[in-house]
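Colleague: This is model03.txt (compact mmCIF, N, CA and C atoms).
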```txt
# COMPACT_ATOMS: atom_id res chain seq x y z
N MET T 1 6.90 2.98 11.59
CA MET T 1 8.22 2.50 11.25
C MET T 1 9.22 3.57 11.68
N PRO T 2 10.29 3.16 12.31
CA PRO T 2 11.31 4.12 12.72
C PRO T 2 11.88 4.87 11.51
N GLN T 3 12.14 6.13 11.71
CA GLN T 3 12.63 6.99 10.62
C GLN T 3 13.89 6.44 9.96
N ASP T 4 14.80 5.87 10.74
CA ASP T 4 16.05 5.38 10.18
C ASP T 4 15.87 4.15 9.30
N LYS T 5 14.72 3.48 9.40
CA LYS T 5 14.46 2.29 8.58
C LYS T 5 13.70 2.61 7.30
N LYS T 6 13.11 3.78 7.21
CA LYS T 6 12.28 4.12 6.05
C LYS T 6 13.06 4.08 4.73
N GLU T 7 14.20 4.71 4.70
CA GLU T 7 14.99 4.74 3.46
C GLU T 7 15.48 3.35 3.09
N GLU T 8 15.90 2.60 4.07
CA GLU T 8 16.36 1.23 3.82
C GLU T 8 15.22 0.36 3.26
N THR T 9 14.05 0.55 3.81
CA THR T 9 12.89 -0.22 3.37
C THR T 9 12.48 0.13 1.94
N ARG T 10 12.69 1.35 1.54
CA ARG T 10 12.30 1.80 0.21
C ARG T 10 13.26 1.31 -0.89
N LYS T 11 14.47 0.97 -0.53
CA LYS T 11 15.49 0.61 -1.52
C LYS T 11 15.11 -0.59 -2.39
N LEU T 12 14.65 -1.66 -1.79
CA LEU T 12 14.35 -2.87 -2.56
C LEU T 12 13.21 -2.66 -3.55
N PRO T 13 12.04 -2.14 -3.14
CA PRO T 13 10.99 -1.92 -4.13
C PRO T 13 11.39 -0.90 -5.20
N SER T 14 12.19 0.07 -4.84
CA SER T 14 12.64 1.05 -5.83
C SER T 14 13.57 0.40 -6.84
N LYS T 15 14.41 -0.48 -6.38
CA LYS T 15 15.35 -1.18 -7.27
C LYS T 15 14.61 -1.92 -8.38
N TYR T 16 13.46 -2.50 -8.06
CA TYR T 16 12.70 -3.28 -9.03
C TYR T 16 11.51 -2.50 -9.60
N GLU T 17 11.54 -1.18 -9.44
CA GLU T 17 10.52 -0.28 -9.97
C GLU T 17 9.11 -0.62 -9.48
N CYS T 18 9.03 -1.01 -8.22
CA CYS T 18 7.74 -1.37 -7.61
C CYS T 18 7.23 -0.31 -6.65
N TRP T 19 8.05 0.65 -6.30
CA TRP T 19 7.64 1.64 -5.29
C TRP T 19 6.57 2.58 -5.82
N GLU T 20 6.81 3.17 -6.96
CA GLU T 20 5.86 4.15 -7.51
C GLU T 20 4.49 3.55 -7.77
N PRO T 21 4.36 2.34 -8.32
CA PRO T 21 3.02 1.77 -8.52
C PRO T 21 2.21 1.60 -7.24
N LEU T 22 2.87 1.46 -6.11
CA LEU T 22 2.14 1.35 -4.85
C LEU T 22 1.37 2.62 -4.54
N TRP T 23 1.84 3.73 -5.02
CA TRP T 23 1.26 5.03 -4.71
C TRP T 23 0.56 5.68 -5.90
N ARG T 24 0.56 5.04 -7.05
CA ARG T 24 0.06 5.63 -8.29
C ARG T 24 -1.42 6.03 -8.21
N TYR T 25 -2.25 5.16 -7.69
CA TYR T 25 -3.69 5.40 -7.67
C TYR T 25 -4.16 5.73 -6.26
N GLN T 26 -4.72 6.89 -6.11
CA GLN T 26 -5.24 7.31 -4.81
C GLN T 26 -6.70 6.92 -4.64
N ASP T 27 -7.45 6.93 -5.73
CA ASP T 27 -8.88 6.59 -5.68
C ASP T 27 -9.07 5.17 -6.18
N LEU T 28 -9.21 4.25 -5.26
CA LEU T 28 -9.39 2.85 -5.59
C LEU T 28 -10.87 2.49 -5.52
N PRO T 29 -11.32 1.52 -6.31
CA PRO T 29 -12.75 1.17 -6.34
C PRO T 29 -13.17 0.34 -5.13
N MET T 30 -13.20 0.97 -3.97
CA MET T 30 -13.57 0.28 -2.73
C MET T 30 -14.49 1.17 -1.92
N ASP T 31 -15.13 0.57 -0.93
CA ASP T 31 -15.97 1.35 -0.02
C ASP T 31 -15.11 2.39 0.69
N THR T 32 -15.76 3.39 1.22
CA THR T 32 -15.06 4.51 1.84
C THR T 32 -14.05 4.11 2.90
N ALA T 33 -14.42 3.27 3.85
CA ALA T 33 -13.52 2.91 4.95
C ALA T 33 -12.77 1.60 4.70
N GLN T 34 -12.98 0.98 3.55
CA GLN T 34 -12.34 -0.30 3.27
C GLN T 34 -10.88 -0.10 2.90
N GLU T 35 -10.00 -0.73 3.62
CA GLU T 35 -8.56 -0.70 3.32
C GLU T 35 -8.03 0.72 3.14
N GLU T 36 -8.44 1.64 3.98
CA GLU T 36 -8.06 3.03 3.81
C GLU T 36 -6.59 3.32 4.10
N LYS T 37 -5.88 2.34 4.65
CA LYS T 37 -4.46 2.55 4.96
C LYS T 37 -3.54 1.88 3.95
N LEU T 38 -4.05 1.50 2.80
CA LEU T 38 -3.21 0.88 1.77
C LEU T 38 -2.11 1.84 1.35
N PRO T 39 -0.99 1.35 0.84
CA PRO T 39 -0.72 -0.01 0.43
C PRO T 39 -0.09 -0.91 1.49
N PHE T 40 0.28 -0.38 2.63
CA PHE T 40 1.02 -1.21 3.58
C PHE T 40 0.21 -1.75 4.75
N TRP T 41 -1.04 -1.44 4.82
CA TRP T 41 -1.85 -1.90 5.93
C TRP T 41 -3.18 -2.38 5.36
N ALA T 42 -3.48 -3.64 5.55
CA ALA T 42 -4.74 -4.19 5.06
C ALA T 42 -5.66 -4.46 6.25
N ASP T 43 -6.84 -3.88 6.22
CA ASP T 43 -7.80 -4.06 7.29
C ASP T 43 -8.66 -5.30 7.08
N ARG T 44 -8.76 -5.75 5.86
CA ARG T 44 -9.61 -6.88 5.53
C ARG T 44 -8.86 -7.84 4.61
N LYS T 45 -9.36 -9.03 4.51
CA LYS T 45 -8.77 -9.99 3.59
C LYS T 45 -9.18 -9.62 2.17
N MET T 46 -8.42 -10.04 1.19
CA MET T 46 -8.71 -9.72 -0.20
C MET T 46 -10.07 -10.23 -0.66
N ILE T 47 -10.59 -11.29 -0.04
CA ILE T 47 -11.89 -11.78 -0.46
C ILE T 47 -13.00 -10.81 -0.11
N GLY T 48 -12.72 -9.84 0.74
CA GLY T 48 -13.70 -8.86 1.13
C GLY T 48 -14.05 -7.87 0.03
N VAL T 49 -13.30 -7.86 -1.05
CA VAL T 49 -13.52 -6.90 -2.13
C VAL T 49 -14.88 -7.10 -2.79
N ASN T 50 -15.41 -8.30 -2.76
CA ASN T 50 -16.69 -8.56 -3.40
C ASN T 50 -17.87 -8.55 -2.43
N GLU T 51 -17.65 -8.18 -1.23
CA GLU T 51 -18.75 -8.17 -0.24
C GLU T 51 -19.58 -6.93 -0.38
```
Using structure tokens, write down the structure that the file contains.
Modeller:
Amino acid sequence: MPQDKKEETRKLPSKYECWEPLWRYQDLPMDTAQEEKLPFWADRKMIGVNE
């Protein structure tokens, strides 16, 4: 994401107190390489959590 858009993008989730929860938990109950780019990049569909 371009640097000039980062602050603008953060405004809406911050306004509704959603930004911090996206980053709250670093250790999620998933396989090592599963969805390692969260919260903004999903490598698999959500149904993959039970595979």
Colleague: What are the centre and the three edge lengths of an axis-aligned box that wraps all atoms of stretch 8-16 of chain T in the file, given that 8 Å is added to every side, written as AutoDock Vina command-line options and rounded to one decimal in Å?
Modeller:
```
--center_x 13.7 --center_y -0.3 --center_z -2.8 --size_x 21.4 --size_y 21.9 --size_z 29.7
```
Colleague: What does the distance from atom CA of T:Ser14 to atom N of T:Pro29 come to in Å, to one decimal?
Modeller: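 A separation of 24.0 Å between them.
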Colleague: What does the distance from atom CA of T:Asp27 to atom CA of T:Lys6 come to in Å, to one decimal?
Modeller: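 The value is 24.3 Å.
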Colleague: Report, in Å with one decimal, the straight-line distance from atom N of T:Leu22 to atom C of T:Arg10.
Modeller: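 These atoms are spaced 11.6 Å apart.
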